[in-house]
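Reviewing the structure listed below.
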Amino acid sequence: MSIVHNLGFPRIGAKRELKFWLESYWKGELPAEELLKNARGLREKHWLLQRGAGVDRVPVGDAALYDHVLDALVLVGALPKRFKLDAASLDLKGYFTLARGDATHHAMEMTKWFDTNYHYLVPEWRADTAFFANPARLVEQVREAKALGVTAKPVLVGPLTLLWLGKSKDGSQPLELIAKLAEAYVGVLEALAAEGVDWVQIDEPILALDLPAEWREAFAPVYAKLAEVRVKLLLATYFGSVAQHAALIAALPVAGVHLDLTRAPEQLDAFLPAWPENRVLSAGVVNGRNVWRTGLSAALVQLENARQKLGDKLWIAPSCSLLHSPIDVAQETELDVELKTWLAFAVQKLNELKLLKRGVVNGRGDIANELAASDFVQASRRNSPRVHRLEVATRLAKLAPNADRRDSAYPLRAKKQAAWLKLPLLPTTTIGSFPQTAEIRAARAAFKRGELSDADYKTAMQKEIALAVREQEALGIDVPVHGEAERNDMVEYFGEQMTGYLFTRHGWVQSYGSRCVKPPVIYGDVARPKAMTVEWSAYAQSLTDKPMKGMLTGPVTMLQWSFVRDDAPRSLVCKQLALALNDEVLDLETAGIRVIQIDEPALREGLPLKSADWDGYLAWAGEAFRLSSSGVDDATQIHTHMCYSEFNDILPAIAALDADVITIETSRSDMELLTAFGDFEYPNEIGPGVYDIHSPRIPAEEEIERLLTKALAVIPARRLWVNPDCGLKTRGWPEVKAALANMMTVTRNLREKL
Ligand code: GLN
Ligand code: ZN
């Protein structure tokens, strides 16, 4: 029988229940037993919901309390040694100490799960890392599911992916641990088999990457070992094509393989002809990474094609875990009705899978009405005047070939900028935001509730701007900012003022632990009907003689932190964003704001998973940034800002942005990052962050001085700026003032010596 299965379900809850329980447990307000009981209730609810939605095999073990990679480490007994915790007896307190740290341990490091916005806890490997099977908790959940009459399919992070995602802490090669790790997996699988589990999903998303030869070669022996246990393994791949590893995958002794046919539909043709007999193919035809209703007709064609060859060996699934999708569109009661018909969140996606199963098993006639409805939705999006704006298309078509170039090269621009800016050596600035105080948030909330008038809100924000300007003047900051008091979020603030964006009330997606994000949705052509920031920046400028820096979020970051329409290439959407932002840049310039920063913290994270696709991405991303920042006078100074990233491999692309000044987060890397810019001979001006803004700790003058001295050794003084690592919105005013005062003192002292 062809069946529907799911790879994973969002764990946070439709009302973010888990978030609130976790946070009250951390505050000591919810007892541990209550948290555990509530979490169990939630996961049971989700199992029943999935079964009710037609999922024949329900994922179990994916509902981590904090993170599924941490859970995988508990399962194989491989907790980071420095915590001195034993996985077998780990309690809630220990579990959260790993995740969040305590007075004596810094938390496990966190990083992005492939190219998603989910962050996992990074395993810590050492040559002596030991493993043991620790399946008690997973087995308990399998029993819970069984008790509810749910057919459980346990989900495991695969052994090679788990190793790959970790970091060596002693210089040893993580891959050397694989034999020991495989033993632990065998133990886990045996425990599951003893529970009567027949299928286990084992996720190896690293197969979508370009893997070094030794990693590729490690698959066969490990899976040969796992195959000794009497359970069927469904090897799950996602986030990209795995066709380059087709021979490797074909030879593995697994009972099934899952392919992501939304990111890489062409894989099906590559794999089908040589599909091993008796192997299940799980076709991921409903996108787990976006919010759009699936075109059922097109998905059905893929499935029919596969079923012809595979018959009942064809399974139907979302492309990846639904962890990355919001939960239920039905909660969006305030959303425009037409736009709402275009959306599908996790619950709706499961329903689509059920329909597709009926269509492929019973024939199209069985879902004729639903197919017609789906076709109608697709057509309504295709033809909607709300999606397609002629003026946007025309403008793009007419774009001059050099629209993404400044008039002159940097050296000449720098002269013209210096002539009016008259900045001292080592000019000082900040990254944009100042503390988002409780008063600011209260004012915004009241304004949104309609309790504060436009005029009163404006007055309240102007007061905050005036305060920020005053403080910066007192400190002597050379290029002040207005402080971004009026912004709730650096993407939402702009999205709300652009066409083509919609916002949900409950479209939360887990970012890490209890943290969730609610990405805006780009559904149509993007334009900017009127100025978005000019009024605030101009007001700020009116309060000071110093050059006020205008502050925008760049096109790549706007794209990267939104759900993006699936009916246009990302590169095109990015270009539209760039032009909308360019309108703002030009308006700012006209209003006398002649230093403008366009933040691109998400540039690096947009890099495709396969290095062969990097150049293409960097070309259009760079073009979009330049488009947004061109058309201004040579004397107008364009800044950009990027947070902590691995810049080394993309330095040429960063230089190609041709920003006059870039500020980067470097203090955490002890200026190592800057050294890379120096070695590369980065041509324009650069402001390495001289202190970490993530902690309330006030940096001592000596620390700042040490970092700046290091910076001066690699970047000539005339191209060096001084600034904190990133925006200050999460800090309090007393710390900010003290930290910036130290930064200014050090800078003044150094200037005298230069
Ligand atoms: N201008 C933004 C701020 O200062 C930049 C934030 C970021 O880089 N993530 O908050
Ligand atoms: Zn930043």
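If you're wondering about the labels, chains in the structure tokens are A, B, ... by order shown, residues count from 1 in each chain, ligands from 1 in order shown.
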**Request:** Considering only C-alpha atoms, return as a PyMOL selection string whatever protein or nucleic-acid residues lie within 7 Å of segment 323-331 of chain A, sequence-local ones (same chain, fewer than 6 positions apart) excluded.
**Result:** chain A and resi 8-10+14+288-291+343-348+506-509
Residues just named, written with C-alpha atoms as a short mmCIF file (atom, residue, chain, number, x, y, z; two decimals), in the first residue's frame:
data_model
loop_
_atom_site.label_atom_id
_atom_site.label_comp_id
_atom_site.auth_asym_id
_atom_site.auth_seq_id
_atom_site.Cartn_x
_atom_site.Cartn_y
_atom_site.Cartn_z
CA GLY A 8 8.65 15.66 11.57
CA PHE A 9 6.09 18.03 13.05
CA PRO A 10 6.53 21.53 14.55
CA ALA A 14 -0.04 26.21 17.65
CA GLY A 288 8.04 21.64 4.15
CA ARG A 289 10.00 24.88 3.92
CA ASN A 290 7.41 27.32 2.66
CA VAL A 291 3.87 28.46 3.30
CA LEU A 343 -1.45 29.45 2.11
CA ALA A 344 -0.81 26.03 3.60
CA PHE A 345 0.93 25.50 6.94
CA ALA A 346 1.82 22.15 8.53
CA VAL A 347 -1.75 21.00 9.13
CA GLN A 348 -2.85 21.95 5.63
CA HIS A 506 0.45 32.98 14.40
CA GLY A 507 2.91 31.98 11.69
CA TRP A 508 5.65 31.19 14.20
CA VAL A 509 8.56 28.94 13.38
#
**Request:** Could you tell me, counting only C-alpha atoms and all ligand atoms, which protein and nucleic acid residues lie no more than 7 Å from ligand 1, written as a PyMOL selection string?
**Result:** chain A and resi 431-433+490+551+599+601+641-643+726-729
Go ahead and save the residues from that selection, with N, CA and C atoms, as a PDB file, in the first residue's frame.
ATOM      1  N   ILE A 431      26.107  50.688  15.027  1.00  0.00           N
ATOM      2  CA  ILE A 431      25.522  49.888  13.945  1.00  0.00           C
ATOM      3  C   ILE A 431      24.063  50.232  13.689  1.00  0.00           C
ATOM      4  N   GLY A 432      23.459  51.020  14.541  1.00  0.00           N
ATOM      5  CA  GLY A 432      22.121  51.503  14.211  1.00  0.00           C
ATOM      6  C   GLY A 432      21.167  51.570  15.376  1.00  0.00           C
ATOM      7  N   SER A 433      20.921  50.435  16.031  1.00  0.00           N
ATOM      8  CA  SER A 433      19.896  50.476  17.070  1.00  0.00           C
ATOM      9  C   SER A 433      20.489  50.861  18.418  1.00  0.00           C
ATOM     10  N   MET A 490      13.917  44.397  12.111  1.00  0.00           N
ATOM     11  CA  MET A 490      14.568  45.027  10.959  1.00  0.00           C
ATOM     12  C   MET A 490      14.004  44.586   9.613  1.00  0.00           C
ATOM     13  N   MET A 551      19.478  54.394   7.919  1.00  0.00           N
ATOM     14  CA  MET A 551      19.606  52.981   8.243  1.00  0.00           C
ATOM     15  C   MET A 551      18.552  52.128   7.548  1.00  0.00           C
ATOM     16  N   ASP A 599      22.038  47.312   5.762  1.00  0.00           N
ATOM     17  CA  ASP A 599      22.476  46.124   6.505  1.00  0.00           C
ATOM     18  C   ASP A 599      22.277  44.845   5.695  1.00  0.00           C
ATOM     19  N   PRO A 601      23.124  41.440   7.128  1.00  0.00           N
ATOM     20  CA  PRO A 601      23.638  40.370   7.990  1.00  0.00           C
ATOM     21  C   PRO A 601      23.356  38.971   7.442  1.00  0.00           C
ATOM     22  N   HIS A 641      26.587  46.481   6.763  1.00  0.00           N
ATOM     23  CA  HIS A 641      26.953  45.824   8.020  1.00  0.00           C
ATOM     24  C   HIS A 641      26.643  44.339   7.930  1.00  0.00           C
ATOM     25  N   MET A 642      27.541  43.534   8.442  1.00  0.00           N
ATOM     26  CA  MET A 642      27.302  42.093   8.507  1.00  0.00           C
ATOM     27  C   MET A 642      27.666  41.585   9.891  1.00  0.00           C
ATOM     28  N   CYS A 643      26.847  40.666  10.404  1.00  0.00           N
ATOM     29  CA  CYS A 643      27.140  40.083  11.707  1.00  0.00           C
ATOM     30  C   CYS A 643      28.189  38.978  11.537  1.00  0.00           C
ATOM     31  N   CYS A 726      27.662  45.124  16.730  1.00  0.00           N
ATOM     32  CA  CYS A 726      26.339  45.062  16.105  1.00  0.00           C
ATOM     33  C   CYS A 726      25.443  46.086  16.792  1.00  0.00           C
ATOM     34  N   GLY A 727      24.159  46.063  16.472  1.00  0.00           N
ATOM     35  CA  GLY A 727      23.206  47.006  17.062  1.00  0.00           C
ATOM     36  C   GLY A 727      23.075  46.794  18.566  1.00  0.00           C
ATOM     37  N   LEU A 728      22.594  47.829  19.253  1.00  0.00           N
ATOM     38  CA  LEU A 728      22.585  47.818  20.721  1.00  0.00           C
ATOM     39  C   LEU A 728      21.178  47.659  21.283  1.00  0.00           C
ATOM     40  N   LYS A 729      20.246  47.188  20.462  1.00  0.00           N
ATOM     41  CA  LYS A 729      18.844  47.214  20.890  1.00  0.00           C
ATOM     42  C   LYS A 729      18.546  46.298  22.066  1.00  0.00           C
TER      43      LYS A 729
END
**Prompt:** Skipping near chain neighbours, those fewer than 5 positions away, what residues fall within 8 Å of segment 211-223 of chain A using only C-alpha atoms, listed as a ChimeraX atom specification?
**Reply:** /A:160,175,178-179,182,206,248,251-254
**Request:** Would you mind listing what lies within 8 Å of Val585 of chain A as a list of chain:residue names, with only C-alpha atoms counted and same-chain residues fewer than 4 positions away left out?
**Result:** A:Leu581, A:Glu589, A:Ile596, A:Ser628, A:Ser629, A:Val632
File of the preceding selection, C-alpha atoms, as a short mmCIF file (atom, residue, chain, number, x, y, z; two decimals), in the first residue's frame:
data_model
loop_
_atom_site.label_atom_id
_atom_site.label_comp_id
_atom_site.auth_asym_id
_atom_site.auth_seq_id
_atom_site.Cartn_x
_atom_site.Cartn_y
_atom_site.Cartn_z
CA LEU A 581 15.16 50.09 -1.22
CA GLU A 589 19.86 61.52 -0.02
CA ILE A 596 23.39 55.57 4.44
CA SER A 628 19.93 49.25 -3.84
CA SER A 629 22.93 51.48 -3.16
CA VAL A 632 23.58 58.33 -5.38
#
**Message:** Using only C-alpha atoms, which protein or nucleic acid residues come within 12 Å of Arg604 of chain A? Drop anything in the same chain fewer than 4 positions from it, and give the result as a VMD selection string.
**Reply:** chain A and resid 112 115 556 to 557 560 600 608 to 609 614 617 to 618 621 to 622 641 to 651 653 to 654
Selection above as a file: C-alpha atoms, as a PDB file, in the first residue's frame:
ATOM      1  CA  LYS A 112      22.169  27.023  11.639  1.00  0.00           C
ATOM      2  CA  ASP A 115      20.195  26.533   5.063  1.00  0.00           C
ATOM      3  CA  VAL A 556      19.235  40.001   0.516  1.00  0.00           C
ATOM      4  CA  THR A 557      18.387  40.118   4.210  1.00  0.00           C
ATOM      5  CA  GLN A 560      16.413  35.669   3.456  1.00  0.00           C
ATOM      6  CA  GLU A 600      23.120  42.696   5.017  1.00  0.00           C
ATOM      7  CA  PRO A 608      23.520  27.566  -1.319  1.00  0.00           C
ATOM      8  CA  LEU A 609      24.406  24.205   0.192  1.00  0.00           C
ATOM      9  CA  TRP A 614      27.735  29.741  -4.869  1.00  0.00           C
ATOM     10  CA  TYR A 617      23.981  33.241  -5.831  1.00  0.00           C
ATOM     11  CA  LEU A 618      26.752  35.684  -5.019  1.00  0.00           C
ATOM     12  CA  ALA A 621      22.909  38.887  -4.331  1.00  0.00           C
ATOM     13  CA  GLY A 622      25.767  41.293  -4.984  1.00  0.00           C
ATOM     14  CA  HIS A 641      26.953  45.824   8.020  1.00  0.00           C
ATOM     15  CA  MET A 642      27.302  42.093   8.507  1.00  0.00           C
ATOM     16  CA  CYS A 643      27.140  40.083  11.707  1.00  0.00           C
ATOM     17  CA  TYR A 644      29.457  37.240  12.647  1.00  0.00           C
ATOM     18  CA  SER A 645      30.073  35.032   9.605  1.00  0.00           C
ATOM     19  CA  GLU A 646      32.680  32.900   7.963  1.00  0.00           C
ATOM     20  CA  PHE A 647      33.782  35.560   5.524  1.00  0.00           C
ATOM     21  CA  ASN A 648      36.999  34.025   4.278  1.00  0.00           C
ATOM     22  CA  ASP A 649      35.544  32.158   1.347  1.00  0.00           C
ATOM     23  CA  ILE A 650      33.406  35.041   0.122  1.00  0.00           C
ATOM     24  CA  LEU A 651      35.731  38.021   0.481  1.00  0.00           C
ATOM     25  CA  ALA A 653      32.021  38.887  -3.260  1.00  0.00           C
ATOM     26  CA  ILE A 654      32.018  41.221  -0.266  1.00  0.00           C
TER      27      ILE A 654
END
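Between atom CA of Val4 of chain A and atom CA of Ala372 of chain A lies a distance of 21.8 Å.
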**Message:** Can you pull out the residues contacting Ser2 of chain A? Cut-off 10 Å, using only C-alpha atoms, and skip same-chain residues under 5 positions away; I want them as a ChimeraX atom specification.
**Reply:** /A:56,280-282,307,310-316,357-358,360-361
Output N, CA and C atoms for every residue in that selection, as a PDB file, in the first residue's frame.
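As a result, part.pdb now contains:
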ATOM      1  N   ASP A  56      -0.147   7.895   7.851  1.00  0.00           N
ATOM      2  CA  ASP A  56      -0.168   6.478   8.216  1.00  0.00           C
ATOM      3  C   ASP A  56       0.962   6.116   9.167  1.00  0.00           C
ATOM      4  N   VAL A 280      11.594   1.093  -0.922  1.00  0.00           N
ATOM      5  CA  VAL A 280      10.574   2.144  -0.869  1.00  0.00           C
ATOM      6  C   VAL A 280      11.181   3.472  -1.310  1.00  0.00           C
ATOM      7  N   LEU A 281      10.421   4.195  -2.112  1.00  0.00           N
ATOM      8  CA  LEU A 281      10.819   5.571  -2.416  1.00  0.00           C
ATOM      9  C   LEU A 281       9.815   6.495  -1.752  1.00  0.00           C
ATOM     10  N   SER A 282      10.296   7.303  -0.847  1.00  0.00           N
ATOM     11  CA  SER A 282       9.432   8.286  -0.216  1.00  0.00           C
ATOM     12  C   SER A 282       9.587   9.591  -0.985  1.00  0.00           C
ATOM     13  N   ARG A 307       4.753   6.011  -9.326  1.00  0.00           N
ATOM     14  CA  ARG A 307       3.952   4.835  -8.958  1.00  0.00           C
ATOM     15  C   ARG A 307       3.905   3.809 -10.079  1.00  0.00           C
ATOM     16  N   LEU A 310       6.945   1.948  -9.341  1.00  0.00           N
ATOM     17  CA  LEU A 310       7.154   1.418  -7.989  1.00  0.00           C
ATOM     18  C   LEU A 310       5.935   0.771  -7.352  1.00  0.00           C
ATOM     19  N   GLY A 311       4.771   1.082  -7.869  1.00  0.00           N
ATOM     20  CA  GLY A 311       3.564   0.549  -7.242  1.00  0.00           C
ATOM     21  C   GLY A 311       3.499   0.951  -5.783  1.00  0.00           C
ATOM     22  N   ASP A 312       3.212   0.006  -4.913  1.00  0.00           N
ATOM     23  CA  ASP A 312       3.031   0.321  -3.498  1.00  0.00           C
ATOM     24  C   ASP A 312       4.320   0.700  -2.789  1.00  0.00           C
ATOM     25  N   LYS A 313       5.423   0.555  -3.476  1.00  0.00           N
ATOM     26  CA  LYS A 313       6.700   0.967  -2.855  1.00  0.00           C
ATOM     27  C   LYS A 313       6.846   2.489  -2.849  1.00  0.00           C
ATOM     28  N   LEU A 314       5.862   3.152  -3.420  1.00  0.00           N
ATOM     29  CA  LEU A 314       5.909   4.614  -3.388  1.00  0.00           C
ATOM     30  C   LEU A 314       5.230   5.125  -2.122  1.00  0.00           C
ATOM     31  N   TRP A 315       5.954   5.894  -1.340  1.00  0.00           N
ATOM     32  CA  TRP A 315       5.379   6.581  -0.180  1.00  0.00           C
ATOM     33  C   TRP A 315       5.302   8.074  -0.493  1.00  0.00           C
ATOM     34  N   ILE A 316       4.404   8.717   0.243  1.00  0.00           N
ATOM     35  CA  ILE A 316       4.156  10.139  -0.027  1.00  0.00           C
ATOM     36  C   ILE A 316       4.451  10.934   1.245  1.00  0.00           C
ATOM     37  N   LYS A 357      -2.413  11.105  -1.912  1.00  0.00           N
ATOM     38  CA  LYS A 357      -2.450   9.645  -1.807  1.00  0.00           C
ATOM     39  C   LYS A 357      -3.721   9.104  -2.468  1.00  0.00           C
ATOM     40  N   ARG A 358      -4.840   9.720  -2.150  1.00  0.00           N
ATOM     41  CA  ARG A 358      -6.086   9.255  -2.784  1.00  0.00           C
ATOM     42  C   ARG A 358      -5.993   9.379  -4.297  1.00  0.00           C
ATOM     43  N   VAL A 360      -3.403   9.332  -6.237  1.00  0.00           N
ATOM     44  CA  VAL A 360      -2.477   8.427  -6.925  1.00  0.00           C
ATOM     45  C   VAL A 360      -2.918   6.966  -6.751  1.00  0.00           C
ATOM     46  N   VAL A 361      -3.543   6.663  -5.643  1.00  0.00           N
ATOM     47  CA  VAL A 361      -3.965   5.270  -5.422  1.00  0.00           C
ATOM     48  C   VAL A 361      -5.302   4.987  -6.124  1.00  0.00           C
TER      49      VAL A 361
END
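Selecting strand (DSSP E or B) from the backbone DSSP output for segment 220-354 of chain A yields Lys232, Leu233, Leu234, Leu235, Ala236, Gly256, Val257, His258, Leu259, Asp260, Val280, Leu281, Ser282, Ala283, Gly284, Val285, Val286, Trp292, Leu314, Trp315, Ile316, Ala317, Pro318 and Leu343 of chain A.
When only C-alpha atoms and all ligand atoms are used to measure the gap to ligand 2, the shortest distance among A:Val229, A:Leu712, A:Ile598, A:Val377 belongs to A:Ile598.
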**Message:** DSSP on the backbone, helix (DSSP H, G or I) only: what residues of segment 284-474 of chain A does that give? Format it as an MDAnalysis selection string.
**Reply:** chainID A and resid 296:313 322:324 329:331 337:341 346:362 364:383 390:397 410:421 438:448 454:474
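Closest to Ile698 of chain A among A:Val521, A:Ala741, A:Leu18, A:Ala568 is A:Ala741, based on only C-alpha atoms.
Here atom CA of Leu475 of chain A stands at a distance of 10.8 Å from atom CA of Val736 of chain A.
Across A:Glu484, A:Ala655, A:Thr430, A:Ala250, the tightest approach to ligand 2 is made by A:Thr430 when counting only C-alpha atoms and all ligand atoms.
Using only C-alpha atoms, the nearest neighbour of His639 of chain A within the list A:Ser611, A:Ser537, A:Thr429, A:Asn488 is A:Thr429.
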